[in-house]
$ cat upload29.txt   # compact mmCIF, C-alpha atoms and all ligand atoms
# COMPACT_ATOMS: atom_id res chain seq x y z
CA MET A 1 62.36 91.44 217.23
CA ASP A 2 66.17 91.50 217.13
CA ILE A 3 68.10 88.81 215.29
CA ASP A 4 69.55 87.15 218.41
CA THR A 5 66.10 86.66 219.93
CA ALA A 6 64.81 85.37 216.60
CA LEU A 7 67.70 82.88 216.35
CA GLU A 8 67.04 81.66 219.88
CA GLN A 9 63.38 81.04 219.03
CA LEU A 10 63.86 79.63 215.53
CA PRO A 11 63.00 75.89 215.61
CA LYS A 12 66.32 74.10 215.17
CA VAL A 13 67.64 70.64 214.43
CA GLU A 14 70.64 69.11 216.16
CA LEU A 15 72.44 66.00 214.89
CA HIS A 16 75.59 66.05 216.98
CA CYS A 17 74.87 66.10 220.68
CA HIS A 18 75.98 63.49 223.23
CA VAL A 19 73.25 62.92 225.79
CA GLU A 20 75.84 62.41 228.53
CA GLY A 21 77.28 65.80 227.59
CA THR A 22 73.95 67.42 228.40
CA MET A 23 74.04 66.41 232.08
CA ARG A 24 73.31 69.42 234.29
CA PRO A 25 75.99 70.22 236.91
CA GLN A 26 73.34 69.72 239.62
CA THR A 27 72.48 66.30 238.22
CA VAL A 28 76.18 65.36 238.24
CA VAL A 29 76.31 66.21 241.95
CA GLU A 30 73.04 64.45 242.75
CA LEU A 31 73.87 61.23 240.89
CA ALA A 32 77.31 61.15 242.55
CA ARG A 33 75.59 61.43 245.94
CA LYS A 34 73.03 58.78 245.00
CA HIS A 35 75.76 56.30 244.08
CA GLY A 36 78.28 57.22 246.79
CA VAL A 37 80.81 58.59 244.31
CA THR A 38 83.22 61.23 245.63
CA LEU A 39 83.70 64.00 243.08
CA PRO A 40 86.97 65.97 242.91
CA THR A 41 84.91 69.11 243.68
CA GLN A 42 81.27 69.95 244.41
CA ASP A 43 81.47 72.84 241.92
CA VAL A 44 81.89 70.50 238.97
CA THR A 45 81.96 73.35 236.45
CA ARG A 46 85.50 73.99 237.73
CA LEU A 47 86.50 70.78 235.93
CA TYR A 48 85.08 72.00 232.64
CA SER A 49 88.13 73.44 230.94
CA TYR A 50 90.03 71.34 228.44
CA SER A 51 93.22 71.50 226.43
CA ASN A 52 92.36 68.80 223.89
CA LEU A 53 89.90 65.99 223.19
CA ASP A 54 91.57 63.53 225.54
CA THR A 55 91.55 65.87 228.56
CA PHE A 56 87.87 66.51 227.82
CA LEU A 57 87.19 62.78 227.64
CA GLU A 58 88.51 62.31 231.19
CA VAL A 59 85.71 64.56 232.44
CA PHE A 60 83.17 63.07 230.03
CA TRP A 61 84.00 59.59 231.34
CA LEU A 62 83.66 60.74 234.95
CA VAL A 63 80.18 62.05 234.14
CA GLN A 64 79.26 58.94 232.13
CA ALA A 65 80.24 56.65 234.99
CA LEU A 66 77.51 58.20 237.18
CA LEU A 67 74.82 56.60 235.01
CA ARG A 68 74.21 53.37 236.91
CA ASP A 69 70.56 52.40 236.48
CA ARG A 70 67.55 52.87 234.23
CA ASP A 71 66.23 55.81 236.27
CA ASP A 72 69.52 57.68 235.82
CA TRP A 73 69.32 57.31 232.04
CA ALA A 74 65.67 58.42 232.08
CA ARG A 75 66.45 61.49 234.18
CA LEU A 76 69.35 62.46 231.93
CA ALA A 77 67.29 62.06 228.75
CA HIS A 78 64.34 63.97 230.17
CA GLU A 79 66.46 66.92 231.28
CA SER A 80 68.30 66.94 227.95
CA VAL A 81 65.08 67.51 226.03
CA VAL A 82 63.82 70.20 228.41
CA ASP A 83 67.16 72.06 228.26
CA GLY A 84 67.38 71.78 224.48
CA ALA A 85 63.82 72.97 223.92
CA ALA A 86 64.52 76.05 226.06
CA HIS A 87 66.79 77.21 223.21
CA GLY A 88 64.55 76.32 220.27
CA LEU A 89 65.39 72.65 219.79
CA ALA A 90 62.69 71.07 217.59
CA TYR A 91 64.34 67.81 216.62
CA ARG A 92 67.51 66.00 217.69
CA GLU A 93 69.25 62.75 216.87
CA THR A 94 71.26 62.30 220.05
CA PHE A 95 74.24 60.06 220.74
CA PHE A 96 74.67 57.76 223.70
CA THR A 97 77.88 55.80 224.19
CA PRO A 98 77.27 52.79 226.43
CA ALA A 99 80.67 51.03 226.30
CA ARG A 100 81.72 51.67 229.88
CA HIS A 101 78.24 50.87 231.17
CA LEU A 102 78.12 47.56 229.33
CA ASP A 103 81.61 46.86 230.66
CA MET A 104 80.30 47.50 234.21
CA GLY A 105 77.51 44.95 233.63
CA GLN A 106 74.56 47.11 232.59
CA ASP A 107 72.28 45.75 229.89
CA LEU A 108 71.84 47.68 226.67
CA GLY A 109 68.11 46.96 226.83
CA ASP A 110 67.82 48.79 230.18
CA ILE A 111 69.86 51.73 228.93
CA VAL A 112 67.76 52.18 225.79
CA ALA A 113 64.50 51.71 227.71
CA GLY A 114 65.56 54.29 230.31
CA LEU A 115 66.59 56.79 227.65
CA ALA A 116 63.34 56.23 225.76
CA ASP A 117 61.26 56.81 228.93
CA GLY A 118 63.05 60.08 229.60
CA LEU A 119 62.85 61.25 225.99
CA ALA A 120 59.11 60.51 225.86
CA ALA A 121 58.55 62.54 229.04
CA GLY A 122 60.63 65.42 227.65
CA GLU A 123 58.79 65.31 224.35
CA ALA A 124 55.40 65.42 226.06
CA GLU A 125 56.51 68.43 228.08
CA THR A 126 58.11 70.45 225.27
CA GLY A 127 56.88 69.32 221.86
CA ALA A 128 60.48 68.65 220.73
CA ARG A 129 61.23 65.24 219.24
CA VAL A 130 64.40 63.25 220.00
CA LEU A 131 65.68 59.99 218.52
CA LEU A 132 68.85 58.05 219.31
CA VAL A 133 72.17 57.04 217.76
CA ALA A 134 74.16 54.35 219.60
CA ASP A 135 77.84 55.24 219.48
CA ILE A 136 80.74 52.83 219.66
CA ASP A 137 83.50 54.10 221.99
CA ARG A 138 86.82 53.91 220.11
CA ALA A 139 88.70 53.58 223.41
CA TYR A 140 87.06 50.20 224.10
CA GLY A 141 88.20 48.75 220.78
CA PRO A 142 86.59 46.98 217.81
CA ALA A 143 85.51 43.79 219.63
CA ALA A 144 83.45 45.71 222.22
CA GLY A 145 82.00 47.82 219.38
CA LEU A 146 80.93 44.74 217.48
CA ARG A 147 79.32 43.23 220.62
CA MET A 148 77.37 46.42 221.23
CA VAL A 149 76.05 46.49 217.65
CA GLU A 150 75.13 42.80 217.73
CA ARG A 151 73.22 43.27 220.99
CA LEU A 152 71.45 46.31 219.58
CA VAL A 153 70.37 44.37 216.49
CA GLU A 154 69.16 41.52 218.71
CA LEU A 155 67.11 43.91 220.88
CA ARG A 156 65.60 45.63 217.84
CA THR A 157 64.68 42.34 216.25
CA ALA A 158 62.93 41.34 219.48
CA GLY A 159 61.07 44.67 219.54
CA ALA A 160 62.57 45.60 222.92
CA PRO A 161 61.16 48.83 224.47
CA GLY A 162 62.71 52.00 223.15
CA THR A 163 64.70 50.37 220.36
CA GLU A 164 62.37 51.91 217.77
CA ARG A 165 64.00 55.23 218.67
CA VAL A 166 67.49 54.03 217.74
CA LEU A 167 68.03 55.10 214.15
CA GLY A 168 71.63 54.15 213.74
CA VAL A 169 75.13 53.77 215.09
CA GLY A 170 78.10 56.11 215.39
CA LEU A 171 81.69 56.14 216.59
CA ASP A 172 83.20 58.60 219.04
CA SER A 173 85.84 59.13 221.73
CA THR A 174 89.60 59.35 221.33
CA GLU A 175 90.83 59.72 217.72
CA LEU A 176 94.60 59.94 217.78
CA GLY A 177 96.36 56.63 217.27
CA VAL A 178 93.14 54.74 216.47
CA ASP A 179 92.63 53.30 212.99
CA PRO A 180 88.94 53.81 212.16
CA THR A 181 88.95 50.92 209.67
CA THR A 182 89.33 48.45 212.56
CA PHE A 183 85.64 49.12 213.27
CA ALA A 184 84.59 48.01 209.78
CA GLU A 185 82.96 44.78 210.89
CA ALA A 186 80.76 46.46 213.51
CA PHE A 187 79.63 48.99 210.92
CA ALA A 188 78.97 46.29 208.34
CA VAL A 189 76.76 44.40 210.80
CA ALA A 190 74.87 47.63 211.55
CA GLY A 191 74.42 48.38 207.85
CA ARG A 192 73.11 44.90 207.09
CA ALA A 193 70.57 45.29 209.90
CA GLY A 194 69.24 48.51 208.34
CA LEU A 195 70.81 50.83 210.90
CA ARG A 196 72.03 54.20 209.63
CA ARG A 197 75.72 55.02 210.07
CA THR A 198 77.77 58.04 211.08
CA SER A 199 81.14 58.52 212.78
CA HIS A 200 83.25 61.18 214.44
CA GLN A 201 86.21 61.80 212.15
CA GLY A 202 88.63 64.63 211.57
CA GLU A 203 88.19 66.36 214.92
CA GLU A 204 91.90 65.81 215.61
CA THR A 205 92.77 63.61 212.63
CA PRO A 206 93.49 64.28 208.93
CA PRO A 207 91.00 63.92 206.06
CA THR A 208 92.14 60.32 205.45
CA HIS A 209 90.05 59.42 208.50
CA ILE A 210 87.02 61.23 207.07
CA ALA A 211 87.42 59.29 203.82
CA ALA A 212 87.71 56.03 205.80
CA GLY A 213 84.48 56.88 207.60
CA VAL A 214 82.64 57.22 204.31
CA ASP A 215 84.38 54.59 202.19
CA VAL A 216 85.25 51.86 204.69
CA LEU A 217 82.64 52.29 207.45
CA GLY A 218 79.86 53.21 205.01
CA CYS A 219 78.91 56.36 206.89
CA GLU A 220 76.22 58.60 205.43
CA ARG A 221 77.22 61.46 207.71
CA ILE A 222 80.46 62.56 209.34
CA ASP A 223 80.55 64.13 212.79
CA HIS A 224 82.92 67.14 212.97
CA GLY A 225 84.88 66.58 209.74
CA LEU A 226 86.90 69.59 210.83
CA SER A 227 90.00 68.80 208.75
CA ILE A 228 88.15 68.22 205.47
CA LEU A 229 89.32 71.37 203.68
CA ASP A 230 92.88 70.01 203.84
CA ASP A 231 91.81 67.65 201.04
CA PRO A 232 90.25 69.61 198.17
CA GLU A 233 89.33 66.47 196.21
CA LEU A 234 87.48 64.92 199.15
CA THR A 235 85.83 68.25 199.85
CA LYS A 236 84.56 68.41 196.28
CA ARG A 237 83.29 64.85 196.43
CA LEU A 238 81.44 65.14 199.75
CA ALA A 239 79.95 68.44 198.59
CA GLN A 240 78.70 66.84 195.37
CA GLU A 241 77.32 63.82 197.22
CA ARG A 242 75.73 66.06 199.90
CA VAL A 243 77.31 63.98 202.68
CA PRO A 244 76.41 65.98 205.79
CA LEU A 245 79.04 67.14 208.25
CA THR A 246 77.68 67.75 211.74
CA VAL A 247 80.00 70.59 212.70
CA CYS A 248 80.40 71.93 216.25
CA PRO A 249 82.35 75.19 215.95
CA ASN A 250 82.28 76.25 219.60
CA SER A 251 83.11 72.73 220.76
CA ASN A 252 86.16 72.79 218.49
CA ILE A 253 87.33 75.84 220.45
CA ARG A 254 86.42 74.64 223.93
CA ILE A 255 87.09 70.89 223.68
CA ALA A 256 89.61 70.17 220.94
CA ASN A 257 91.25 73.62 221.04
CA ARG A 258 91.67 73.42 217.27
CA VAL A 259 91.06 77.14 216.83
CA GLN A 260 91.10 80.06 219.25
CA ARG A 261 88.16 82.01 217.81
CA LEU A 262 85.13 81.29 215.64
CA GLU A 263 86.54 83.68 213.04
CA ASP A 264 89.38 81.19 212.51
CA HIS A 265 87.07 78.17 212.28
CA PRO A 266 86.51 76.76 208.76
CA PHE A 267 82.70 76.57 209.12
CA ARG A 268 82.06 79.41 206.70
CA ARG A 269 84.62 78.12 204.21
CA MET A 270 83.13 74.64 204.46
CA ARG A 271 79.74 75.98 203.44
CA GLU A 272 81.26 78.15 200.71
CA ALA A 273 82.87 74.97 199.33
CA GLY A 274 79.34 73.58 198.95
CA LEU A 275 79.52 71.18 201.89
CA LEU A 276 76.34 70.37 203.79
CA ALA A 277 77.79 71.63 207.08
CA THR A 278 75.27 71.88 209.91
CA LEU A 279 75.48 73.53 213.33
CA ASN A 280 75.56 71.57 216.59
CA THR A 281 76.69 71.86 220.22
CA ASP A 282 78.36 68.46 220.88
CA ASP A 283 78.39 68.47 224.73
CA PRO A 284 76.49 71.58 225.75
CA ALA A 285 76.42 71.19 229.54
CA LEU A 286 80.12 70.31 229.76
CA THR A 287 81.11 73.32 227.67
CA ASP A 288 78.53 75.89 228.78
CA LEU A 289 76.93 75.99 225.33
CA ASP A 290 73.44 75.81 223.91
CA LEU A 291 72.05 75.69 220.39
CA GLY A 292 70.78 79.27 220.51
CA TYR A 293 74.27 80.50 221.39
CA GLU A 294 75.75 78.33 218.64
CA TYR A 295 73.56 80.05 216.04
CA ARG A 296 74.02 83.55 217.49
CA SER A 297 77.78 83.34 217.82
CA VAL A 298 78.25 81.84 214.35
CA ARG A 299 76.09 84.55 212.79
CA ALA A 300 78.07 87.27 214.52
CA ALA A 301 81.46 85.75 213.66
CA TYR A 302 80.80 85.33 209.94
CA GLY A 303 78.42 88.21 209.32
CA TYR A 304 75.66 85.86 208.19
CA THR A 305 72.22 87.25 207.43
CA TRP A 306 68.94 85.97 208.86
CA GLU A 307 68.33 84.19 205.54
CA ASP A 308 71.75 82.50 205.77
CA MET A 309 70.88 81.22 209.25
CA VAL A 310 67.48 79.92 208.16
CA GLU A 311 69.24 78.08 205.32
CA ILE A 312 71.61 76.49 207.84
CA ALA A 313 68.63 75.41 209.95
CA LEU A 314 66.98 73.90 206.85
CA ASP A 315 70.20 72.11 205.92
CA GLY A 316 69.96 70.51 209.35
CA VAL A 317 66.66 68.96 208.24
CA GLU A 318 68.21 67.65 205.01
CA ALA A 319 70.93 65.98 207.08
CA THR A 320 68.49 64.12 209.35
CA TRP A 321 67.59 60.46 209.08
CA LEU A 322 63.86 61.24 209.06
CA ASP A 323 61.70 59.97 206.22
CA GLU A 324 60.60 62.32 203.45
CA ASP A 325 57.21 63.19 204.98
CA ASP A 326 58.71 64.05 208.36
CA ARG A 327 61.45 66.10 206.74
CA ARG A 328 58.94 68.05 204.70
CA ALA A 329 56.84 68.74 207.79
CA LEU A 330 59.88 69.85 209.80
CA SER A 331 61.13 72.11 206.99
CA ALA A 332 57.67 73.67 206.71
CA ARG A 333 57.64 74.31 210.47
CA ILE A 334 61.02 76.05 210.28
CA ARG A 335 60.01 78.11 207.22
CA ASN A 336 56.74 79.22 208.84
CA ALA A 337 58.45 80.15 212.08
CA ALA A 338 61.19 81.97 210.14
CA ALA A 339 58.58 84.02 208.31
CA SER A 340 56.91 85.15 211.50
CA LEU A 341 60.14 85.67 213.45
CA ALA A 342 61.94 87.57 210.66
CA PRO A 343 63.92 90.20 212.57
CA THR A 344 63.37 93.87 211.87
CA THR A 345 66.55 95.16 213.49
CA PHE A 346 70.11 93.99 212.90
N1 LIG B 401 82.39 62.24 223.14
C1 LIG B 401 81.74 63.31 223.57
N2 LIG B 401 82.11 64.40 222.89
C2 LIG B 401 83.02 63.98 221.97
C3 LIG B 401 83.76 64.63 220.97
N3 LIG B 401 83.66 65.94 220.74
N4 LIG B 401 84.61 63.90 220.23
C4 LIG B 401 84.74 62.59 220.45
N5 LIG B 401 84.06 61.94 221.39
C5 LIG B 401 83.20 62.62 222.14
ZN ZN B 402 80.82 64.61 219.43

$ encode --input "upload29.txt" --output "structure tokens" --more "lines below"
Ligand code: ADE
Ligand code: ZN
Amino acid sequence: MDIDTALEQLPKVELHCHVEGTMRPQTVVELARKHGVTLPTQDVTRLYSYSNLDTFLEVFWLVQALLRDRDDWARLAHESVVDGAAHGLAYRETFFTPARHLDMGQDLGDIVAGLADGLAAGEAETGARVLLVADIDRAYGPAAGLRMVERLVELRTAGAPGTERVLGVGLDSTELGVDPTTFAEAFAVAGRAGLRRTSHQGEETPPTHIAAGVDVLGCERIDHGLSILDDPELTKRLAQERVPLTVCPNSNIRIANRVQRLEDHPFRRMREAGLLATLNTDDPALTDLDLGYEYRSVRAAYGYTWEDMVEIALDGVEATWLDEDDRRALSARIRNAAASLAPTTF
């Protein structure tokens, strides 16, 4: 077996993937028709080229706004698992960002229940497992973020359907000009309720935002963390503390336009600095990416060996919010598969 085929088949973990960003182009068109929304074009992939995070978010928001009822969320979640598993996805902690839906009058309970229905169907079909992280949308501000977290805690306490899949909260959307510390109260409420915490930082902002994510918001993981190497002290500290960074190298080219080529991306240097940097797709359907391609392209760009790539996959397990037993089982599954897939040609 050649290394690219082996990387495609290797069971992989993904910790930075927005479920809305997995929506198939055909599903975009069908949901628009269902809800009487006129799209700028029927070939929606023509919209999928971006010059920075904010131009991407305009398209992301257009896609998000098509999710109007519980069935839509279930369909999206189901298809996301099937499409991920087709490229070796074994386990994912996936984001959903319900701010605009709550603003339009949807109930968080319906959204979570719909997602959970779809994930369960996808899991039964593929054997992959997918849990949820509820993201606060920075663009809607701290008060809306706090309301979302409070409602989530209320639903979990009541044992509402699907809430057992929600492991934690995150923070995404526009970065420039937004002070992450203004979300401290929402994150504190989440932490007190036993929810895990992560946040997008440093995709377009300096390392001070990454430090704020860890020190002020109490995040155990940082999503992207692209600018971290600009602060050697912080780099050393997060490496020592094994704070995971869920890095999305191809997204940083296609969405944020931070680098032109993978060869210029700091992923390799991040890992050489001892950081627990994992590989993820971010918004695969809106960027024409998949997790197999992410692994293959990164290997080719940095000259990584098969063993290097298996280590990256195992680091993905360490960065999860699974309990020890589940982590051990998932690591064993990856190691066993790696042993039988081990490529013979390079
Ligand atoms: N929402 C979806 N993808 C995102 C990204 N890469 N950064 C911030 N918010 C997002
Ligand atoms: Zn993201």

$ closest_residue --input "upload29.txt" --among "A:Pro232, A:Pro161, A:Gly21, A:Pro180" --to "Gly213 (chain A)" --atoms "all atoms listed in the file"
A:Pro180

$ atom_distance --input "upload29.txt" --atom1 "CA of Val153 (chain A)" --atom2 "CA of Ala124 (chain A)"
27.5 Å

$ residues_near_ligand --input "upload29.txt" --ligand "ligand ZN 402 (chain B)" --cutoff "9 Å" --atoms "only C-alpha atoms and all ligand atoms" --output "PyMOL selection string"
chain A and resi 16-18+21+95+171-173+200+203+223-224+246+248+251+281-283

$ closest_residue --input "upload29.txt" --among "A:His209, A:Arg138, A:Arg335, A:Arg299" --to "Leu279 (chain A)" --atoms "all atoms listed in the file"
A:Arg299

$ residues_around --input "upload29.txt" --residues "Ala332 (chain A)" --least-positions-apart "5" --cutoff "12 Å" --atoms "all atoms listed in the file" --output "VMD selection string"
chain A and resid 11 310 313 to 314 317 325 to 327 337 to 339

$ write_last_selection --input "upload29.txt" --atoms "C-alpha atoms" --output "mmCIF file, in the frame of the given file"
data_model
loop_
_atom_site.group_PDB
_atom_site.id
_atom_site.type_symbol
_atom_site.label_atom_id
_atom_site.label_comp_id
_atom_site.auth_asym_id
_atom_site.auth_seq_id
_atom_site.Cartn_x
_atom_site.Cartn_y
_atom_site.Cartn_z
ATOM 1 C CA PRO A 11 63.000 75.890 215.610
ATOM 2 C CA VAL A 310 67.480 79.920 208.160
ATOM 3 C CA ALA A 313 68.630 75.410 209.950
ATOM 4 C CA LEU A 314 66.980 73.900 206.850
ATOM 5 C CA VAL A 317 66.660 68.960 208.240
ATOM 6 C CA ASP A 325 57.210 63.190 204.980
ATOM 7 C CA ASP A 326 58.710 64.050 208.360
ATOM 8 C CA ARG A 327 61.450 66.100 206.740
ATOM 9 C CA ALA A 337 58.450 80.150 212.080
ATOM 10 C CA ALA A 338 61.190 81.970 210.140
ATOM 11 C CA ALA A 339 58.580 84.020 208.310
#

$ residues_around --input "upload29.txt" --residues "Ala113 (chain A)" --least-positions-apart "4" --cutoff "9 Å" --atoms "all atoms listed in the file" --output "JSON, numbers by chain"
{"A": [70, 73, 74, 108, 109, 117, 118, 160, 161, 162, 163]}

$ closest_residue --input "upload29.txt" --among "A:Arg147, A:Arg68, A:Lys34, A:Arg156" --to "Glu185 (chain A)" --atoms "all atoms listed in the file"
A:Arg147

$ closest_residue --input "upload29.txt" --among "A:Lys12, A:Leu167, A:Ile228, A:Val189" --to "Pro206 (chain A)" --atoms "all atoms listed in the file"
A:Ile228

$ residues_around --input "upload29.txt" --residues "region 262-271 of chain A" --least-positions-apart "2" --cutoff "10 Å" --atoms "all atoms listed in the file" --output "PDB file with C-alpha atoms, in the frame of the given file"
ATOM      1  CA  GLY A 225      84.880  66.580 209.740  1.00  0.00           C
ATOM      2  CA  LEU A 226      86.900  69.590 210.830  1.00  0.00           C
ATOM      3  CA  SER A 227      90.000  68.800 208.750  1.00  0.00           C
ATOM      4  CA  ILE A 228      88.150  68.220 205.470  1.00  0.00           C
ATOM      5  CA  LEU A 229      89.320  71.370 203.680  1.00  0.00           C
ATOM      6  CA  THR A 235      85.830  68.250 199.850  1.00  0.00           C
ATOM      7  CA  ALA A 239      79.950  68.440 198.590  1.00  0.00           C
ATOM      8  CA  LEU A 245      79.040  67.140 208.250  1.00  0.00           C
ATOM      9  CA  VAL A 247      80.000  70.590 212.700  1.00  0.00           C
ATOM     10  CA  CYS A 248      80.400  71.930 216.250  1.00  0.00           C
ATOM     11  CA  PRO A 249      82.350  75.190 215.950  1.00  0.00           C
ATOM     12  CA  ASN A 250      82.280  76.250 219.600  1.00  0.00           C
ATOM     13  CA  ASN A 252      86.160  72.790 218.490  1.00  0.00           C
ATOM     14  CA  ILE A 253      87.330  75.840 220.450  1.00  0.00           C
ATOM     15  CA  ARG A 258      91.670  73.420 217.270  1.00  0.00           C
ATOM     16  CA  VAL A 259      91.060  77.140 216.830  1.00  0.00           C
ATOM     17  CA  GLN A 260      91.100  80.060 219.250  1.00  0.00           C
ATOM     18  CA  ALA A 273      82.870  74.970 199.330  1.00  0.00           C
ATOM     19  CA  GLY A 274      79.340  73.580 198.950  1.00  0.00           C
ATOM     20  CA  LEU A 275      79.520  71.180 201.890  1.00  0.00           C
ATOM     21  CA  LEU A 276      76.340  70.370 203.790  1.00  0.00           C
ATOM     22  CA  ALA A 277      77.790  71.630 207.080  1.00  0.00           C
ATOM     23  CA  THR A 278      75.270  71.880 209.910  1.00  0.00           C
ATOM     24  CA  LEU A 279      75.480  73.530 213.330  1.00  0.00           C
ATOM     25  CA  SER A 297      77.780  83.340 217.820  1.00  0.00           C
ATOM     26  CA  VAL A 298      78.250  81.840 214.350  1.00  0.00           C
ATOM     27  CA  ARG A 299      76.090  84.550 212.790  1.00  0.00           C
ATOM     28  CA  ALA A 300      78.070  87.270 214.520  1.00  0.00           C
ATOM     29  CA  ALA A 301      81.460  85.750 213.660  1.00  0.00           C
ATOM     30  CA  TYR A 302      80.800  85.330 209.940  1.00  0.00           C
ATOM     31  CA  GLY A 303      78.420  88.210 209.320  1.00  0.00           C
ATOM     32  CA  TYR A 304      75.660  85.860 208.190  1.00  0.00           C
ATOM     33  CA  ILE A 312      71.610  76.490 207.840  1.00  0.00           C
TER      34      ILE A 312
END

$ closest_residue --input "upload29.txt" --among "A:Ala144, A:Ile136, A:Ala190, A:Leu76" --to "ligand LIG 401 (chain B)" --atoms "only C-alpha atoms and all ligand atoms"
A:Ile136

$ closest_residue --input "upload29.txt" --among "A:Gly292, A:Gly159, A:Gly177, A:Gly218" --to "Asp83 (chain A)" --atoms "all atoms listed in the file"
A:Gly292

$ axis_aligned_box --input "upload29.txt" --around "region 259-266 of chain A" --padding-each-side "6 Å" --output "JSON"
{"center_x": 88.1, "center_y": 80.2, "center_z": 214.0, "size_x": 18.0, "size_y": 18.9, "size_z": 22.5}

$ residues_around --input "upload29.txt" --residues "His35 (chain A)" --least-positions-apart "5" --cutoff "12 Å" --atoms "only C-alpha atoms" --output "PyMOL selection string"
chain A and resi 28-30+65-69+72

$ atom_distance --input "upload29.txt" --atom1 "CA of Ala184 (chain A)" --atom2 "CA of Val149 (chain A)"
11.7 Å

$ atom_distance --input "upload29.txt" --atom1 "CA of Pro142 (chain A)" --atom2 "CA of Val59 (chain A)"
22.9 Å

$ residues_around --input "upload29.txt" --residues "Gly168 (chain A)" --least-positions-apart "5" --cutoff "6 Å" --atoms "only C-alpha atoms" --output "compact mmCIF listing (two decimals) with C-alpha atoms, keeping the file's coordinate frame"
# COMPACT_ATOMS: atom_id res chain seq x y z
CA VAL A 133 72.17 57.04 217.76
CA LEU A 195 70.81 50.83 210.90
CA ARG A 196 72.03 54.20 209.63
CA ARG A 197 75.72 55.02 210.07

$ decode --input "upload29.txt" --residues "region 150-161 of chain A" --atoms "N, CA and C atoms" --output "short mmCIF file (atom, residue, chain, number, x, y, z; two decimals), in the first residue's frame"
data_model
loop_
_atom_site.label_atom_id
_atom_site.label_comp_id
_atom_site.auth_asym_id
_atom_site.auth_seq_id
_atom_site.Cartn_x
_atom_site.Cartn_y
_atom_site.Cartn_z
N GLU A 150 -25.88 29.86 29.40
CA GLU A 150 -26.86 29.64 30.50
C GLU A 150 -27.97 28.69 30.05
N ARG A 151 -28.43 28.85 28.82
CA ARG A 151 -29.49 27.97 28.31
C ARG A 151 -28.96 26.53 28.16
N LEU A 152 -27.72 26.42 27.72
CA LEU A 152 -27.12 25.09 27.57
C LEU A 152 -27.02 24.39 28.92
N VAL A 153 -26.59 25.13 29.92
CA VAL A 153 -26.47 24.55 31.27
C VAL A 153 -27.84 24.12 31.77
N GLU A 154 -28.83 24.96 31.52
CA GLU A 154 -30.21 24.65 31.95
C GLU A 154 -30.70 23.36 31.27
N LEU A 155 -30.46 23.24 29.97
CA LEU A 155 -30.90 22.05 29.22
C LEU A 155 -30.18 20.80 29.71
N ARG A 156 -28.88 20.94 29.97
CA ARG A 156 -28.11 19.78 30.46
C ARG A 156 -28.60 19.33 31.83
N THR A 157 -28.86 20.31 32.68
CA THR A 157 -29.32 19.99 34.03
C THR A 157 -30.66 19.26 33.97
N ALA A 158 -31.49 19.64 32.99
CA ALA A 158 -32.80 19.01 32.85
C ALA A 158 -32.71 17.67 32.11
N GLY A 159 -31.51 17.32 31.64
CA GLY A 159 -31.34 16.07 30.89
C GLY A 159 -32.02 16.10 29.54
N ALA A 160 -32.05 17.27 28.90
CA ALA A 160 -32.71 17.40 27.59
C ALA A 160 -32.01 16.52 26.55
N PRO A 161 -32.80 15.98 25.58
CA PRO A 161 -32.24 15.04 24.59
C PRO A 161 -31.05 15.61 23.83
#
